[in-house]
Amino acid sequence: MADRTIVPFGPHHPVLPEPLHLDLVIEDERVVEAIPQIGFVHRGLEKLVEKRDFKSYVYITERICGICAFGHSLGYSETVEALMEVEVPPRAQALRVIWHELSRTHSHLLWLGLLADAFGFENLFMQCWRLRERVLDIFERTTGGRVILSACNVGGVNHDIADEDLQGIVLVLEGMIGEYKTLLKTFMKDRSVANRLRGVGVLTKEEAIGFGVVGPFARASGIAEDIRTFGHGGYGLLGSFEPVTADECDGYARCKVRGDEVFQSIDIIKEIIQKMPEGEIMTKVKGSPAAGARAVWQLEQPRGECFYYAKGNGTKFLERFRIRTPTFMNLGGMVHTLQGCDLADVPLNVLTIDPCISCSER
Amino acid sequence: MSAVTKSPWVLHYDASSCNGCDIEVLAALTPLYDLERFGIINTGNPKHAEVFLITGSVNEPQITVLRQLYEQMLEPKVVVACGVCACTGGVFRECYNTLGGADVAIPVDVYAPGCAIRPEAIIDAVVQGLGILEEKRVLLAAGKLEPAEMPPLPSAANKTLQGRSVALSWKDAIAQAQESSKEEPSEKEAPAQEEK
């Protein structure tokens with residue numbers, strides 16, 4: 001048996017856009033154990049509810065993570081609305097779904113690009129990011145921001161989208177589909193891509209249930225679980241849809257699930273634009289959350305189920321606000337997939353769960 | 001102008017950003033603005049890089065990481081703080097685990113605000129940084145470039161790190177500090193009281 005060596009991985013590593021440190025215990029080239037160490041991005045945002053009132057805190061939640069920025073402001077707003085029993089106008093809910101699904105499209109395209117970069121396919125990386133810019137253009141046209149949108153607020157949304165702009169969004173998305181299919185074909189059919197992804201980082205269905213993984217990571221292991229199908233918020237306006245799943249349980253399956261979810265998101269946006277209700281976009285929220293009132297909320301973020309908890313104390317400040325993020329749930333599964341893999345596959349395995357360290361450390 | 005200032009290579013580090021500025025740094029390099037056509041390449045190796053782009057506010061574990069990266073970069077070099085968090089701490093300034101902007105850890109040459117910073121602002125800041133890089137290069141060639149002064153380590157807890165090798169990880173530093181406090185409890189307590 002070869003001697004064991006510890007290879008430190010991160011916090012600064014070219015493949016990771018974010019700081020995450022792993023101590024990799026290796027035997028020759030094979031990883032025996034991976035010990036994660038987090039804490040590089042911890043800011044202490046949950047504690048900040050004591051300093052920002054519940055209406056200003058929505059801008060802090062957007063900055064929990066810049067990739068799922070709209071998702072977090074949506075989750076926070078819906079939690080506080082549940083806490084204060086505020087009725088949100090249907091048009092605002094539909095607009096929220098549009099922005100949330102656009103965020104998912106942009107997040108998945110970003111991830112596909114980073115994945116291509118991780119296995120050294122630079123051209124594919126650039127093409128994914130080029131396509132992603134079209135989604136960011138929609139964001140910029142409708143809200144004024146490219147990444148941080150400041151569109152969602154407690155009680156509704158800050159911006160309306162005119163009907164001709166809604167049709168414009170459909171046109172842009174339909175124009176993307178052809179190019180996106182060509183891109184996805186490279187991911188799905190190219191032999192060199194398949195060599196890097198097939199059979200790498202296998203997490204079986206039983207293991208996935210055991211580790212409690214969520215989102216595309218779980219769906220790639222055959223677990224048909226998607227919070228959107230519960231019909232919370234604006235998703236209640238939609239017809240029924242099935243979660244995208246795959247049975248291969250490896251990196252290829254995760255790529256396939258995220259790739260197909262982009263089509264699903266585009267379909268959802270087109271459906272909701274057809275059914276777009278008329279009316280107000282904002283309900284005026286008066287008063288403060290009652291003392292002792294509690295609310296929980298679940299939301300399907302691009303990376304999986306996100307769980308929110310809020311507690312009021314009768315003042316305009318919340319007593320407690322808590323988020324359990326998808327990456328936090330997926331880290332256990334990720335560490336498991338690292339055991340027994342080659343050292344050269346470590347960056348790829350870390351990336352296939354789509355880690356968002358900034359979300360999970362807050 | 002020399003090759004160094006014509007096609008500088010970029011090192012990007014996320015100090016504790018929300019990812020918003022990080023993806024905009026990448027957006028500046030990818031097809032929308034395509035800085036790579038000018039030979040500006042995002043590298044992972046600090047010794048290859050001339051421009052250090054920092055995003056996000058800084059907390060304690062990050063200080064040693066940032067200093068290590070900064071000290072590994074060869075002269076001439078320029079540090080650009082991207083986004084309002086790297087400039088001052090931004091919306092995270094009041095958080096308990098945030099010390100402030102990038103300048104609490106290393107000297108910063110160009111401040112580029114924005115939340116999230118737009119790719120145009122990053123390009124502007126780097127172009128401004130290139131002027132400073134050229135000045136430093138001329139000084140270096142004349143043998144007159146003096147290393148920039150490091151900011152003092154901010155909190156009392158970080159005093160344990162002062163005067164040590166930067167290669168020491170913060171985990172080791174904490175372990176060593178705990179050991180030394182076990183060995184000499186009386187000596188450790190005395191200076192702490194003086195500070196108050």
# chains A, B, ... in the order shown; residues from 1 in each chain; ligands from 1
call {"tool": "residues_around", "arguments": {"residues": "range 130-136 of chain B", "least_positions_apart": "5", "cutoff": "10 Å", "atoms": "only C-alpha atoms", "output": "VMD selection string"}}
result
chain B and resid 1 to 2 4 to 8 50 to 51 75 to 79 109 to 110 124 to 125 141 to 142 144 to 146
call {"tool": "write_last_selection", "arguments": {"atoms": "C-alpha atoms", "output": "mmCIF file, in the first residue's frame"}}
result
data_model
loop_
_atom_site.group_PDB
_atom_site.id
_atom_site.type_symbol
_atom_site.label_atom_id
_atom_site.label_comp_id
_atom_site.auth_asym_id
_atom_site.auth_seq_id
_atom_site.Cartn_x
_atom_site.Cartn_y
_atom_site.Cartn_z
ATOM 1 C CA MET B 1 4.816 50.733 -23.070
ATOM 2 C CA SER B 2 6.146 47.268 -22.593
ATOM 3 C CA VAL B 4 3.741 43.858 -19.336
ATOM 4 C CA THR B 5 1.397 46.811 -19.689
ATOM 5 C CA LYS B 6 0.123 45.953 -23.158
ATOM 6 C CA SER B 7 -1.262 42.545 -22.321
ATOM 7 C CA PRO B 8 -1.404 42.176 -18.557
ATOM 8 C CA GLU B 50 0.296 41.612 -13.101
ATOM 9 C CA VAL B 51 -3.183 42.759 -12.115
ATOM 10 C CA GLU B 75 6.754 43.428 -9.292
ATOM 11 C CA PRO B 76 5.446 45.492 -10.979
ATOM 12 C CA LYS B 77 1.907 44.694 -9.872
ATOM 13 C CA VAL B 78 -1.380 46.520 -9.433
ATOM 14 C CA VAL B 79 -4.276 45.735 -7.112
ATOM 15 C CA ASP B 109 -4.130 50.914 -6.154
ATOM 16 C CA VAL B 110 -7.506 51.373 -7.873
ATOM 17 C CA ASP B 124 -12.075 51.245 -16.876
ATOM 18 C CA ALA B 125 -10.443 50.345 -13.569
ATOM 19 C CA ALA B 141 13.782 49.574 -14.225
ATOM 20 C CA ALA B 142 15.499 52.570 -12.583
ATOM 21 C CA LYS B 144 13.731 53.083 -7.417
ATOM 22 C CA LEU B 145 10.552 51.064 -6.804
ATOM 23 C CA GLU B 146 9.875 50.667 -3.121
#
call {"tool": "interface_residues", "arguments": {"of": "chain A", "to": "chain B", "cutoff": "8 Å", "atoms": "only C-alpha atoms", "output": "PyMOL selection string"}}
result
chain A and resi 11-14+17-19+39-45+47-48+60+63-67+126-127+129-130+133+146-148+358-359
call {"tool": "closest_residue", "arguments": {"among": "A:Ala310, A:Ile161, A:Met176, A:Cys249", "to": "Ile323 in chain A", "atoms": "only C-alpha atoms"}}
result
A:Ala310
call {"tool": "select_by_dssp", "arguments": {"residues": "range 248-307 of chain A", "states": "strand (DSSP E)", "output": "MDAnalysis selection string"}}
result
chainID A and resid 294:301 304:307
call {"tool": "write_last_selection", "arguments": {"atoms": "all heavy atoms", "output": "tab-separated table (two decimals), in the first residue's frame"}}
result
chain	number	residue	atom	x	y	z
A	294	ARG	N	-44.40	32.96	13.29
A	294	ARG	CA	-43.34	32.22	12.60
A	294	ARG	C	-43.84	31.81	11.23
A	294	ARG	O	-45.04	31.58	11.05
A	294	ARG	CB	-43.00	30.93	13.35
A	294	ARG	CG	-42.36	31.13	14.68
A	294	ARG	CD	-42.56	29.87	15.50
A	294	ARG	NE	-42.28	30.13	16.91
A	294	ARG	CZ	-41.33	29.49	17.58
A	294	ARG	NH1	-40.61	28.58	16.99
A	294	ARG	NH2	-41.12	29.76	18.84
A	295	ALA	N	-42.92	31.70	10.29
A	295	ALA	CA	-43.30	31.23	8.97
A	295	ALA	C	-42.14	30.47	8.36
A	295	ALA	O	-40.97	30.79	8.61
A	295	ALA	CB	-43.66	32.40	8.06
A	296	VAL	N	-42.47	29.44	7.60
A	296	VAL	CA	-41.45	28.73	6.83
A	296	VAL	C	-41.86	28.74	5.37
A	296	VAL	O	-43.04	28.89	5.04
A	296	VAL	CB	-41.26	27.26	7.31
A	296	VAL	CG1	-40.66	27.22	8.67
A	296	VAL	CG2	-42.55	26.50	7.24
A	297	TRP	N	-40.89	28.60	4.50
A	297	TRP	CA	-41.16	28.64	3.07
A	297	TRP	C	-40.12	27.80	2.36
A	297	TRP	O	-38.97	27.75	2.79
A	297	TRP	CB	-41.12	30.08	2.57
A	297	TRP	CG	-41.77	30.24	1.24
A	297	TRP	CD1	-41.16	30.25	0.03
A	297	TRP	CD2	-43.17	30.37	0.99
A	297	TRP	NE1	-42.09	30.38	-0.97
A	297	TRP	CE2	-43.33	30.46	-0.41
A	297	TRP	CE3	-44.31	30.43	1.80
A	297	TRP	CZ2	-44.57	30.60	-1.02
A	297	TRP	CZ3	-45.54	30.57	1.19
A	297	TRP	CH2	-45.66	30.66	-0.20
A	298	GLN	N	-40.55	27.15	1.29
A	298	GLN	CA	-39.59	26.39	0.47
A	298	GLN	C	-39.61	26.97	-0.93
A	298	GLN	O	-40.67	27.39	-1.40
A	298	GLN	CB	-40.01	24.92	0.37
A	298	GLN	CG	-39.78	24.12	1.60
A	298	GLN	CD	-40.65	22.89	1.56
A	298	GLN	OE1	-41.87	22.98	1.57
A	298	GLN	NE2	-40.01	21.75	1.46
A	299	LEU	N	-38.46	26.97	-1.55
A	299	LEU	CA	-38.38	27.50	-2.90
A	299	LEU	C	-37.36	26.68	-3.68
A	299	LEU	O	-36.32	26.32	-3.13
A	299	LEU	CB	-37.93	28.97	-2.83
A	299	LEU	CG	-37.86	29.72	-4.14
A	299	LEU	CD1	-39.26	30.05	-4.63
A	299	LEU	CD2	-37.09	31.01	-3.97
A	300	GLU	N	-37.67	26.38	-4.93
A	300	GLU	CA	-36.71	25.65	-5.75
A	300	GLU	C	-35.76	26.66	-6.39
A	300	GLU	O	-36.12	27.37	-7.32
A	300	GLU	CB	-37.44	24.82	-6.81
A	300	GLU	CG	-36.55	23.92	-7.63
A	300	GLU	CD	-36.03	22.70	-6.91
A	300	GLU	OE1	-36.59	22.33	-5.86
A	300	GLU	OE2	-35.06	22.10	-7.39
A	301	GLN	N	-34.56	26.72	-5.86
A	301	GLN	CA	-33.53	27.59	-6.45
A	301	GLN	C	-32.88	26.84	-7.60
A	301	GLN	O	-33.08	25.64	-7.74
A	301	GLN	CB	-32.46	27.90	-5.39
A	301	GLN	CG	-32.95	28.70	-4.22
A	301	GLN	CD	-32.86	30.18	-4.47
A	301	GLN	OE1	-32.75	30.59	-5.61
A	301	GLN	NE2	-32.95	30.97	-3.43
A	304	GLY	N	-31.36	23.83	-6.14
A	304	GLY	CA	-32.15	22.89	-5.36
A	304	GLY	C	-33.04	23.56	-4.35
A	304	GLY	O	-33.19	24.79	-4.35
A	305	GLU	N	-33.60	22.73	-3.47
A	305	GLU	CA	-34.57	23.24	-2.51
A	305	GLU	C	-33.90	24.16	-1.50
A	305	GLU	O	-32.90	23.81	-0.90
A	305	GLU	CB	-35.21	22.07	-1.76
A	305	GLU	CG	-36.19	22.51	-0.71
A	305	GLU	CD	-36.43	21.45	0.34
A	305	GLU	OE1	-36.22	20.26	0.05
A	305	GLU	OE2	-36.83	21.82	1.45
A	306	CYS	N	-34.47	25.32	-1.32
A	306	CYS	CA	-33.97	26.26	-0.32
A	306	CYS	C	-35.06	26.46	0.71
A	306	CYS	O	-36.24	26.61	0.36
A	306	CYS	CB	-33.62	27.58	-1.01
A	306	CYS	SG	-32.55	28.60	-0.03
A	307	PHE	N	-34.69	26.44	1.97
A	307	PHE	CA	-35.67	26.47	3.05
A	307	PHE	C	-35.49	27.76	3.85
A	307	PHE	O	-34.37	28.10	4.23
A	307	PHE	CB	-35.43	25.25	3.95
A	307	PHE	CG	-36.38	25.13	5.09
A	307	PHE	CD1	-37.60	24.51	4.92
A	307	PHE	CD2	-36.04	25.64	6.33
A	307	PHE	CE1	-38.47	24.40	5.99
A	307	PHE	CE2	-36.92	25.53	7.39
A	307	PHE	CZ	-38.14	24.91	7.22
call {"tool": "atom_distance", "arguments": {"atom1": "CA of Ile353 in chain A", "atom2": "CA of Glu101 in chain A"}}
result
19.3 Å
call {"tool": "atom_distance", "arguments": {"atom1": "CA of Gly233 in chain A", "atom2": "CA of Glu174 in chain A"}}
result
25.6 Å
call {"tool": "atom_distance", "arguments": {"atom1": "CA of Gly312 in chain A", "atom2": "CA of Tyr76 in chain A"}}
result
13.2 Å
call {"tool": "closest_residue", "arguments": {"among": "A:Ala208, A:Gln37, A:Gly239, A:Ser150", "to": "Lys275 in chain A", "atoms": "only C-alpha atoms"}}
result
A:Gly239
call {"tool": "closest_residue", "arguments": {"among": "A:Ile281, A:Cys152, A:Val172, A:Leu184", "to": "Cys128 in chain A", "atoms": "only C-alpha atoms"}}
result
A:Leu184
call {"tool": "closest_residue", "arguments": {"among": "A:Thr204, A:Gly144, A:His106, A:Gly155", "to": "Ala253 in chain A", "atoms": "only C-alpha atoms"}}
result
A:Thr204
call {"tool": "closest_residue", "arguments": {"among": "B:Val25, B:Val138, B:Ile41, B:Ile106", "to": "Tyr70 in chain B", "atoms": "only C-alpha atoms"}}
result
B:Ile106
call {"tool": "residues_around", "arguments": {"residues": "Phe187 in chain A", "least_positions_apart": "3", "cutoff": "10 Å", "atoms": "only C-alpha atoms", "output": "list in words"}}
result
Leu112, Leu115, Ala116, Leu124, Lys181, Thr182, Leu183, Leu184, Asp190, Arg191, Ser192, Val193, Ala194, Leu197, Tyr252, Cys255, Lys256 and Gly259 of chain A
call {"tool": "select_by_dssp", "arguments": {"residues": "range 88-148 of chain A", "states": "helix (DSSP H, G or I)", "output": "PyMOL selection string"}}
result
chain A and resi 90-118+122-143
call {"tool": "residues_around", "arguments": {"residues": "Lys47 in chain B", "least_positions_apart": "5", "cutoff": "9 Å", "atoms": "only C-alpha atoms", "output": "CSV table (one decimal) with N, CA and C atoms, in the first residue's frame"}}
result
chain,number,residue,atom,x,y,z
B,69,LEU,N,-1.2,35.6,-1.7
B,69,LEU,CA,-1.3,35.8,-3.1
B,69,LEU,C,-0.6,37.1,-3.6
B,72,GLN,N,3.2,36.7,-3.5
B,72,GLN,CA,3.7,35.8,-4.6
B,72,GLN,C,3.8,36.5,-5.9
B,73,MET,N,2.9,37.5,-6.1
B,73,MET,CA,2.9,38.2,-7.4
B,73,MET,C,4.2,39.0,-7.5
B,74,LEU,N,4.8,39.0,-8.8
B,74,LEU,CA,6.1,39.7,-9.0
B,74,LEU,C,5.9,41.2,-9.3
call {"tool": "residues_around", "arguments": {"residues": "Glu164 in chain A", "least_positions_apart": "6", "cutoff": "12 Å", "atoms": "only C-alpha atoms", "output": "number ranges by chain"}}
result
A: 142, 170-171, 273
call {"tool": "write_last_selection", "arguments": {"atoms": "C-alpha atoms", "output": "PDB file, in the first residue's frame"}}
result
ATOM      1  CA  THR A 142     -36.747  44.870 -17.573  1.00  0.00           C
ATOM      2  CA  VAL A 170     -40.536  35.141 -25.830  1.00  0.00           C
ATOM      3  CA  LEU A 171     -38.849  36.102 -29.108  1.00  0.00           C
ATOM      4  CA  ILE A 273     -46.668  34.932 -20.415  1.00  0.00           C
TER       5      ILE A 273
END
call {"tool": "residues_around", "arguments": {"residues": "Ala290 in chain A", "least_positions_apart": "3", "cutoff": "7 Å", "atoms": "only C-alpha atoms", "output": "short mmCIF file (atom, residue, chain, number, x, y, z; two decimals) with N, CA and C atoms, in the first residue's frame"}}
result
data_model
loop_
_atom_site.label_atom_id
_atom_site.label_comp_id
_atom_site.auth_asym_id
_atom_site.auth_seq_id
_atom_site.Cartn_x
_atom_site.Cartn_y
_atom_site.Cartn_z
N ALA A 293 -44.85 35.42 15.79
CA ALA A 293 -45.31 34.83 14.53
C ALA A 293 -44.14 34.14 13.84
N GLY A 312 -41.09 36.78 13.86
CA GLY A 312 -41.27 38.19 14.16
C GLY A 312 -41.24 38.45 15.65
N ASN A 313 -41.03 39.72 16.05
CA ASN A 313 -41.07 40.05 17.48
C ASN A 313 -41.88 41.32 17.74
N GLY A 314 -42.77 41.69 16.81
CA GLY A 314 -43.63 42.84 17.05
C GLY A 314 -43.02 44.17 16.62
#
